[in-house]
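Chemist: My file is coords.cif. It has mmCIF, C-alpha atoms:
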data_coords
loop_
_atom_site.label_atom_id
_atom_site.label_comp_id
_atom_site.auth_asym_id
_atom_site.auth_seq_id
_atom_site.Cartn_x
_atom_site.Cartn_y
_atom_site.Cartn_z
CA MET A 4 -20.39 1.02 171.82
CA ALA A 5 -21.01 -0.78 175.14
CA LYS A 6 -21.81 -4.00 173.31
CA HIS A 7 -18.61 -3.62 171.26
CA MET A 8 -16.52 -3.13 174.41
CA HIS A 9 -18.22 -6.11 176.06
CA PHE A 10 -17.42 -8.25 172.99
CA HIS A 11 -13.73 -7.39 173.13
CA ARG A 12 -13.59 -8.06 176.87
CA GLU A 13 -15.06 -11.51 176.21
CA ILE A 14 -12.50 -12.10 173.43
CA ASP A 15 -9.65 -11.10 175.76
CA GLU A 16 -10.93 -13.47 178.46
CA LEU A 17 -11.25 -16.25 175.89
CA LYS A 18 -7.63 -15.73 174.79
CA LYS A 19 -6.46 -15.86 178.41
CA THR A 20 -8.36 -19.10 179.01
CA ILE A 21 -6.98 -20.86 175.92
CA LEU A 22 -3.45 -19.79 176.88
CA THR A 23 -3.98 -21.07 180.43
CA MET A 24 -5.14 -24.34 178.94
CA GLY A 25 -2.05 -24.40 176.72
CA THR A 26 0.21 -23.94 179.76
CA LEU A 27 -1.58 -26.78 181.56
CA VAL A 28 -1.24 -29.10 178.55
CA GLU A 29 2.42 -28.19 178.08
CA ASP A 30 3.12 -29.00 181.75
CA ARG A 31 1.34 -32.35 181.47
CA LEU A 32 3.33 -33.24 178.36
CA ARG A 33 6.61 -32.26 180.04
CA ARG A 34 5.81 -34.46 183.04
CA ALA A 35 4.78 -37.40 180.84
CA CYS A 36 8.04 -37.14 178.90
CA ALA A 37 10.04 -36.94 182.15
CA ILE A 38 8.71 -40.31 183.34
CA LEU A 39 10.13 -41.93 180.20
CA HIS A 40 13.40 -41.56 182.09
CA THR A 41 12.40 -41.55 185.76
CA ARG A 42 9.70 -44.30 185.71
CA ASP A 43 8.15 -42.45 188.65
CA ARG A 44 5.00 -44.40 189.58
CA ASP A 45 3.57 -41.49 191.58
CA GLN A 46 3.88 -39.19 188.56
CA VAL A 47 2.26 -41.81 186.34
CA GLN A 48 -0.74 -41.96 188.69
CA ALA A 49 -0.86 -38.17 189.07
CA ILE A 50 -0.98 -37.58 185.31
CA MET A 51 -3.78 -40.11 184.87
CA ALA A 52 -5.73 -38.71 187.84
CA GLU A 53 -5.56 -35.10 186.54
CA ASP A 54 -7.05 -35.89 183.13
CA TRP A 55 -10.37 -34.22 184.03
CA GLU A 56 -8.80 -30.76 184.41
CA VAL A 57 -8.06 -30.27 180.71
CA ASP A 58 -11.35 -31.92 179.72
CA ASP A 59 -13.30 -29.44 181.87
CA MET A 60 -11.36 -26.49 180.46
CA GLU A 61 -11.98 -27.66 176.88
CA ILE A 62 -15.74 -27.71 177.53
CA ARG A 63 -15.57 -24.24 179.10
CA VAL A 64 -13.68 -22.76 176.13
CA GLU A 65 -16.05 -24.34 173.61
CA GLU A 66 -19.13 -23.09 175.47
CA GLU A 67 -17.66 -19.58 175.64
CA CYS A 68 -16.91 -19.61 171.90
CA LEU A 69 -20.46 -20.72 171.08
CA LYS A 70 -21.90 -18.04 173.37
CA ILE A 71 -19.84 -15.32 171.64
CA LEU A 72 -20.90 -16.59 168.21
CA ALA A 73 -24.58 -16.55 169.23
CA LEU A 74 -24.57 -13.17 170.99
CA HIS A 75 -22.24 -11.10 168.80
CA GLN A 76 -22.26 -12.86 165.40
CA PRO A 77 -18.65 -11.80 164.67
CA VAL A 78 -17.41 -11.41 161.09
CA ALA A 79 -14.09 -11.30 159.24
CA ARG A 80 -11.03 -11.61 161.50
CA ASP A 81 -13.05 -11.88 164.72
CA LEU A 82 -14.92 -14.84 163.27
CA ARG A 83 -11.61 -16.44 162.18
CA LEU A 84 -10.30 -16.01 165.72
CA ILE A 85 -13.29 -17.81 167.27
CA VAL A 86 -13.14 -20.63 164.71
CA SER A 87 -9.38 -21.01 165.26
CA ILE A 88 -9.77 -21.10 169.04
CA ILE A 89 -12.46 -23.80 168.80
CA LYS A 90 -10.11 -25.97 166.72
CA ILE A 91 -6.97 -25.23 168.79
CA ASN A 92 -8.97 -26.00 171.94
CA ASN A 93 -9.72 -29.46 170.55
CA GLU A 94 -6.09 -30.06 169.55
CA LEU A 95 -4.83 -29.12 173.03
CA GLU A 96 -7.29 -31.51 174.67
CA ARG A 97 -6.05 -34.29 172.40
CA ILE A 98 -2.41 -33.54 173.26
CA ALA A 99 -3.31 -33.85 176.95
CA ASP A 100 -5.04 -37.18 176.23
CA ILE A 101 -1.95 -38.47 174.42
CA ALA A 102 0.25 -37.42 177.36
CA VAL A 103 -2.00 -39.56 179.56
CA ASN A 104 -1.62 -42.43 177.07
CA ILE A 105 2.17 -42.15 177.36
CA ALA A 106 1.86 -42.45 181.15
CA LYS A 107 -0.39 -45.50 180.70
CA ARG A 108 2.11 -47.16 178.34
CA ILE A 109 4.92 -46.66 180.84
CA SER A 110 2.71 -48.07 183.60
CA THR A 111 1.98 -51.14 181.46
CA ILE A 112 5.68 -51.64 180.66
CA MET A 113 6.59 -51.42 184.35
CA ALA A 114 3.88 -53.96 185.22
CA THR A 115 4.62 -56.54 182.50
CA ALA A 116 8.34 -56.36 181.66
CA THR A 117 10.91 -58.77 183.08
CA ALA A 118 13.05 -57.49 185.95
CA ASP A 119 16.08 -56.90 183.70
CA PHE A 120 14.12 -55.05 180.98
CA SER A 121 15.26 -51.58 179.98
CA LEU A 122 14.36 -49.24 177.12
CA ARG A 123 17.43 -49.41 174.91
CA HIS A 124 16.08 -46.62 172.72
CA ASP A 125 16.58 -43.08 174.05
CA TYR A 126 13.24 -41.29 173.67
CA GLN A 127 14.50 -37.98 175.08
CA PRO A 128 15.54 -36.40 171.72
CA MET A 129 12.11 -37.18 170.24
CA ALA A 130 10.31 -35.98 173.37
CA ALA A 131 12.39 -32.77 173.38
CA LYS A 132 11.60 -32.07 169.71
CA VAL A 133 7.88 -32.67 170.21
CA MET A 134 7.83 -30.40 173.26
CA GLU A 135 9.63 -27.76 171.17
CA MET A 136 6.89 -28.05 168.53
CA VAL A 137 4.12 -27.64 171.10
CA LYS A 138 5.89 -24.67 172.75
CA ALA A 139 6.42 -23.01 169.36
CA SER A 140 2.74 -23.49 168.47
CA LEU A 141 1.65 -21.84 171.74
CA ASP A 142 4.18 -19.01 171.31
CA ALA A 143 2.89 -18.46 167.78
CA LEU A 144 -0.65 -18.32 169.14
CA VAL A 145 0.28 -15.71 171.78
CA THR A 146 2.11 -13.51 169.27
CA GLU A 147 -0.07 -14.41 166.26
CA ASP A 148 3.15 -15.12 164.36
CA ALA A 149 2.53 -17.02 161.12
CA ALA A 150 6.27 -17.25 160.33
CA LEU A 151 6.93 -19.00 163.66
CA ALA A 152 3.99 -21.30 163.00
CA ARG A 153 5.54 -22.35 159.68
CA THR A 154 8.80 -23.40 161.37
CA ILE A 155 6.84 -26.17 163.11
CA PHE A 156 6.30 -27.93 159.76
CA LEU A 157 10.07 -28.28 159.38
CA MET A 158 10.45 -29.93 162.79
CA ASP A 159 8.05 -32.70 161.82
CA ASP A 160 10.56 -34.42 159.51
CA GLN A 161 12.96 -34.78 162.45
CA VAL A 162 10.21 -36.30 164.60
CA ASN A 163 9.36 -38.81 161.87
CA GLY A 164 13.02 -39.78 161.57
CA LEU A 165 13.23 -40.35 165.33
CA ARG A 166 10.07 -42.47 165.21
CA ASP A 167 11.64 -44.64 162.49
CA ALA A 168 14.76 -45.06 164.63
CA ALA A 169 12.60 -46.19 167.57
CA TYR A 170 10.86 -48.74 165.34
CA LYS A 171 14.19 -50.14 164.15
CA THR A 172 15.47 -50.51 167.72
CA VAL A 173 12.27 -52.21 168.89
CA ILE A 174 12.28 -54.72 166.01
CA GLU A 175 15.90 -55.60 166.77
CA GLU A 176 15.12 -55.99 170.46
CA ILE A 177 12.10 -58.25 169.83
CA GLY A 178 14.46 -60.55 167.92
CA ARG A 179 16.87 -60.60 170.86
CA ARG A 180 14.31 -60.60 173.70
CA PRO A 181 11.05 -62.27 172.57
CA ASP A 182 10.11 -62.72 176.26
CA ASN A 183 9.65 -58.93 176.40
CA ALA A 184 7.79 -58.60 173.08
CA ALA A 185 4.66 -57.07 174.67
CA SER A 186 6.67 -54.46 176.57
CA LEU A 187 8.68 -53.65 173.45
CA VAL A 188 5.52 -53.11 171.39
CA ASN A 189 4.31 -50.72 174.09
CA ALA A 190 7.70 -49.00 173.91
CA TYR A 191 7.25 -48.44 170.18
CA LEU A 192 3.74 -47.10 170.78
CA ILE A 193 5.29 -44.39 172.96
CA ALA A 194 7.10 -43.18 169.82
CA ARG A 195 3.79 -43.24 167.94
CA HIS A 196 2.16 -41.18 170.71
CA LEU A 197 4.96 -38.62 170.52
CA GLU A 198 4.59 -38.48 166.74
CA ARG A 199 0.84 -37.82 167.08
CA ILE A 200 1.52 -34.95 169.49
CA GLY A 201 3.77 -33.44 166.81
CA ASP A 202 0.90 -33.79 164.34
CA ARG A 203 -1.38 -31.91 166.73
CA ALA A 204 1.18 -29.11 167.00
CA ILE A 205 1.14 -28.90 163.19
CA ASN A 206 -2.66 -28.63 163.22
CA ILE A 207 -2.40 -25.73 165.69
CA ALA A 208 0.20 -24.06 163.45
CA GLU A 209 -2.15 -24.35 160.48
CA GLU A 210 -4.93 -22.67 162.46
CA ILE A 211 -2.63 -19.80 163.45
CA ILE A 212 -1.70 -19.21 159.80
CA TYR A 213 -5.41 -19.22 158.94
CA LEU A 214 -6.10 -16.74 161.74
CA VAL A 215 -3.30 -14.34 160.76
CA GLU A 216 -3.42 -14.59 156.98
CA GLY A 217 -6.92 -15.87 156.25
CA GLU A 218 -5.36 -18.68 154.25
CA ILE A 219 -6.16 -22.36 154.77
CA VAL A 220 -2.83 -24.21 154.85
CA ARG A 221 -2.24 -27.92 155.08
CA SER A 222 1.19 -29.46 155.57
CA SER A 223 2.30 -32.14 153.09
CA GLU A 224 1.31 -35.04 155.35
CA ASP A 225 -1.98 -33.37 156.26
CA PRO A 226 -2.12 -34.71 159.85
CA VAL A 227 -5.55 -35.74 161.08
#
What would the structure in this file look like if it were written as structure tokens?

Modeler:
Amino acid sequence: MAKHMHFHREIDELKKTILTMGTLVEDRLRRACAILHTRDRDQVQAIMAEDWEVDDMEIRVEEECLKILALHQPVARDLRLIVSIIKINNELERIADIAVNIAKRISTIMATATADFSLRHDYQPMAAKVMEMVKASLDALVTEDAALARTIFLMDDQVNGLRDAAYKTVIEEIGRRPDNAASLVNAYLIARHLERIGDRAINIAEEIIYLVEGEIVRSSEDPV
């Protein structure tokens, strides 16, 4: 009985840690998306400097999962929970990495673009939709809500459409402003980064459905 209680205490602590990590990643993503508009150099540097925090937390979560697997050898739903947390942990770390990449792209654009360069494409709708996907995936994890997780698949089509619109704008701008071609390519890569974050949110949603229903689900595009 004592071992059983200890196991469930460890599971509860593990859930708290992964949710804390989710909050940290969500905040980093929000700040990275904000500098698309503000071009705040201090925020760019802060996001890049804080990269270690999520990396350290990812290692801690993974080590805790492996310890629980070794000590308690969970089965059935408890085993699914540990497996899901290991995978979600990895997806969250990747989202944080991509947020850092967005900050780096903005830094590069600010360093290389001509003085009169501006991003003609509005990235805020795409950033807002991607943040909505990440928030929904974390809410679905907290509540273990498979129906909410499935709504994230539907948002992905909108993100892909916004990425295509960004590509169209960038191609048109390269034709008009070849002197800013490098900055414009980096601007398009911001859209690609946002798209990849959406893909990660889908991967988290798939893990939540697996956790709740025991069913392995893959969306039509099967994001990597």

Chemist: Just checking: using all atoms listed in the file, which residue out of A:Ala184, A:Leu22, A:Met113, A:Leu32 ends up closest to Leu141 in chain A?

Modeler: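 Counting all atoms listed in the file, the residue closest to Leu141 in chain A is A:Leu22.
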
Chemist: Would you give me, as a Markdown table, each residue of range 14-42 of chain A having an atom within 7 Å of an atom of range 77-100 of chain A, along with its shortest atom pair and that distance in Å to one decimal, using all atoms listed in the file and sorting by chain and residue number?

Modeler:
| residue | atom | partner | partner_atom | distance |
| --- | --- | --- | --- | --- |
| A:Ile21 | CA | A:Asn92 | CA | 6.8 |
| A:Gly25 | CA | A:Leu95 | CA | 6.6 |
| A:Val28 | CA | A:Ala99 | CA | 5.4 |
| A:Arg31 | CA | A:Ala99 | CA | 6.7 |
| A:Leu32 | CA | A:Ala99 | CA | 6.8 |

Chemist: Please enumerate the residues selected by the PyMOL selection byres ((chain A and resi 112) around 9) when evaluated against the supplied file, formatted as a list of chain:residue names.

Modeler: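 Evaluating the PyMOL selection byres ((chain A and resi 112) around 9) on these coordinates yields A:Lys107, A:Arg108, A:Ile109, A:Ser110, A:Thr111, A:Met113, A:Ala114, A:Thr115, A:Ala116, A:Ala185, A:Ser186, A:Leu187, A:Asn189, A:Ala190.
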
Chemist: For Thr23 in chain A, please output as number ranges by chain all residues within 12 Å (counting all atoms listed in the file; exclusion window: fewer than 6 positions along the same chain).

Modeler: A: 16-17, 29-30, 56-57, 60-61, 64, 92, 95, 141, 145

Chemist: Can you turn the PyMOL selection byres ((chain A and resi 193-201) around 6) into a concrete residue list for this file, as a count of residues only?

Modeler: 10

Chemist: List the spatial neighbours of range 72-75 of chain A as an NGL selection string - criterion: any atom at most 9 Å away, all atoms listed in the file, same-chain residues fewer than 3 positions off excluded.

Modeler: :A and (6-7 or 10 or 67-69 or 82 or 85)

Chemist: N, CA, C and O atoms for range 90-107 of chain A, written as a tab-separated table (two decimals), in the frame of the given file, could you do that?

Modeler:
chain	number	residue	atom	x	y	z
A	90	LYS	N	-10.92	-24.85	167.24
A	90	LYS	CA	-10.11	-25.97	166.72
A	90	LYS	C	-8.86	-26.20	167.57
A	90	LYS	O	-8.49	-27.34	167.86
A	91	ILE	N	-8.19	-25.11	167.96
A	91	ILE	CA	-6.97	-25.23	168.79
A	91	ILE	C	-7.33	-25.84	170.15
A	91	ILE	O	-6.59	-26.67	170.68
A	92	ASN	N	-8.47	-25.45	170.69
A	92	ASN	CA	-8.97	-26.00	171.94
A	92	ASN	C	-9.06	-27.53	171.86
A	92	ASN	O	-8.60	-28.25	172.75
A	93	ASN	N	-9.59	-28.02	170.76
A	93	ASN	CA	-9.72	-29.46	170.55
A	93	ASN	C	-8.36	-30.14	170.43
A	93	ASN	O	-8.13	-31.22	170.99
A	94	GLU	N	-7.43	-29.50	169.72
A	94	GLU	CA	-6.09	-30.06	169.55
A	94	GLU	C	-5.36	-30.14	170.89
A	94	GLU	O	-4.68	-31.14	171.18
A	95	LEU	N	-5.49	-29.12	171.71
A	95	LEU	CA	-4.83	-29.12	173.03
A	95	LEU	C	-5.38	-30.24	173.91
A	95	LEU	O	-4.62	-30.92	174.61
A	96	GLU	N	-6.70	-30.43	173.87
A	96	GLU	CA	-7.29	-31.51	174.67
A	96	GLU	C	-6.76	-32.87	174.21
A	96	GLU	O	-6.49	-33.75	175.04
A	97	ARG	N	-6.57	-33.03	172.91
A	97	ARG	CA	-6.05	-34.29	172.40
A	97	ARG	C	-4.59	-34.50	172.81
A	97	ARG	O	-4.17	-35.62	173.09
A	98	ILE	N	-3.81	-33.43	172.81
A	98	ILE	CA	-2.41	-33.54	173.26
A	98	ILE	C	-2.38	-34.01	174.71
A	98	ILE	O	-1.59	-34.88	175.08
A	99	ALA	N	-3.25	-33.43	175.54
A	99	ALA	CA	-3.31	-33.85	176.95
A	99	ALA	C	-3.69	-35.32	177.06
A	99	ALA	O	-3.14	-36.06	177.87
A	100	ASP	N	-4.64	-35.77	176.24
A	100	ASP	CA	-5.04	-37.18	176.23
A	100	ASP	C	-3.87	-38.09	175.86
A	100	ASP	O	-3.68	-39.16	176.44
A	101	ILE	N	-3.09	-37.65	174.86
A	101	ILE	CA	-1.95	-38.47	174.42
A	101	ILE	C	-0.89	-38.52	175.51
A	101	ILE	O	-0.24	-39.56	175.71
A	102	ALA	N	-0.70	-37.42	176.23
A	102	ALA	CA	0.25	-37.42	177.36
A	102	ALA	C	-0.18	-38.46	178.39
A	102	ALA	O	0.66	-39.18	178.96
A	103	VAL	N	-1.48	-38.54	178.64
A	103	VAL	CA	-2.00	-39.56	179.56
A	103	VAL	C	-1.73	-40.96	179.00
A	103	VAL	O	-1.34	-41.87	179.75
A	104	ASN	N	-1.89	-41.12	177.69
A	104	ASN	CA	-1.62	-42.43	177.07
A	104	ASN	C	-0.16	-42.84	177.23
A	104	ASN	O	0.15	-44.02	177.42
A	105	ILE	N	0.75	-41.85	177.15
A	105	ILE	CA	2.17	-42.15	177.36
A	105	ILE	C	2.38	-42.67	178.78
A	105	ILE	O	3.08	-43.67	179.00
A	106	ALA	N	1.75	-42.00	179.75
A	106	ALA	CA	1.86	-42.45	181.15
A	106	ALA	C	1.32	-43.88	181.30
A	106	ALA	O	1.91	-44.71	182.01
A	107	LYS	N	0.21	-44.16	180.63
A	107	LYS	CA	-0.39	-45.50	180.70
A	107	LYS	C	0.54	-46.55	180.09
A	107	LYS	O	0.67	-47.67	180.61
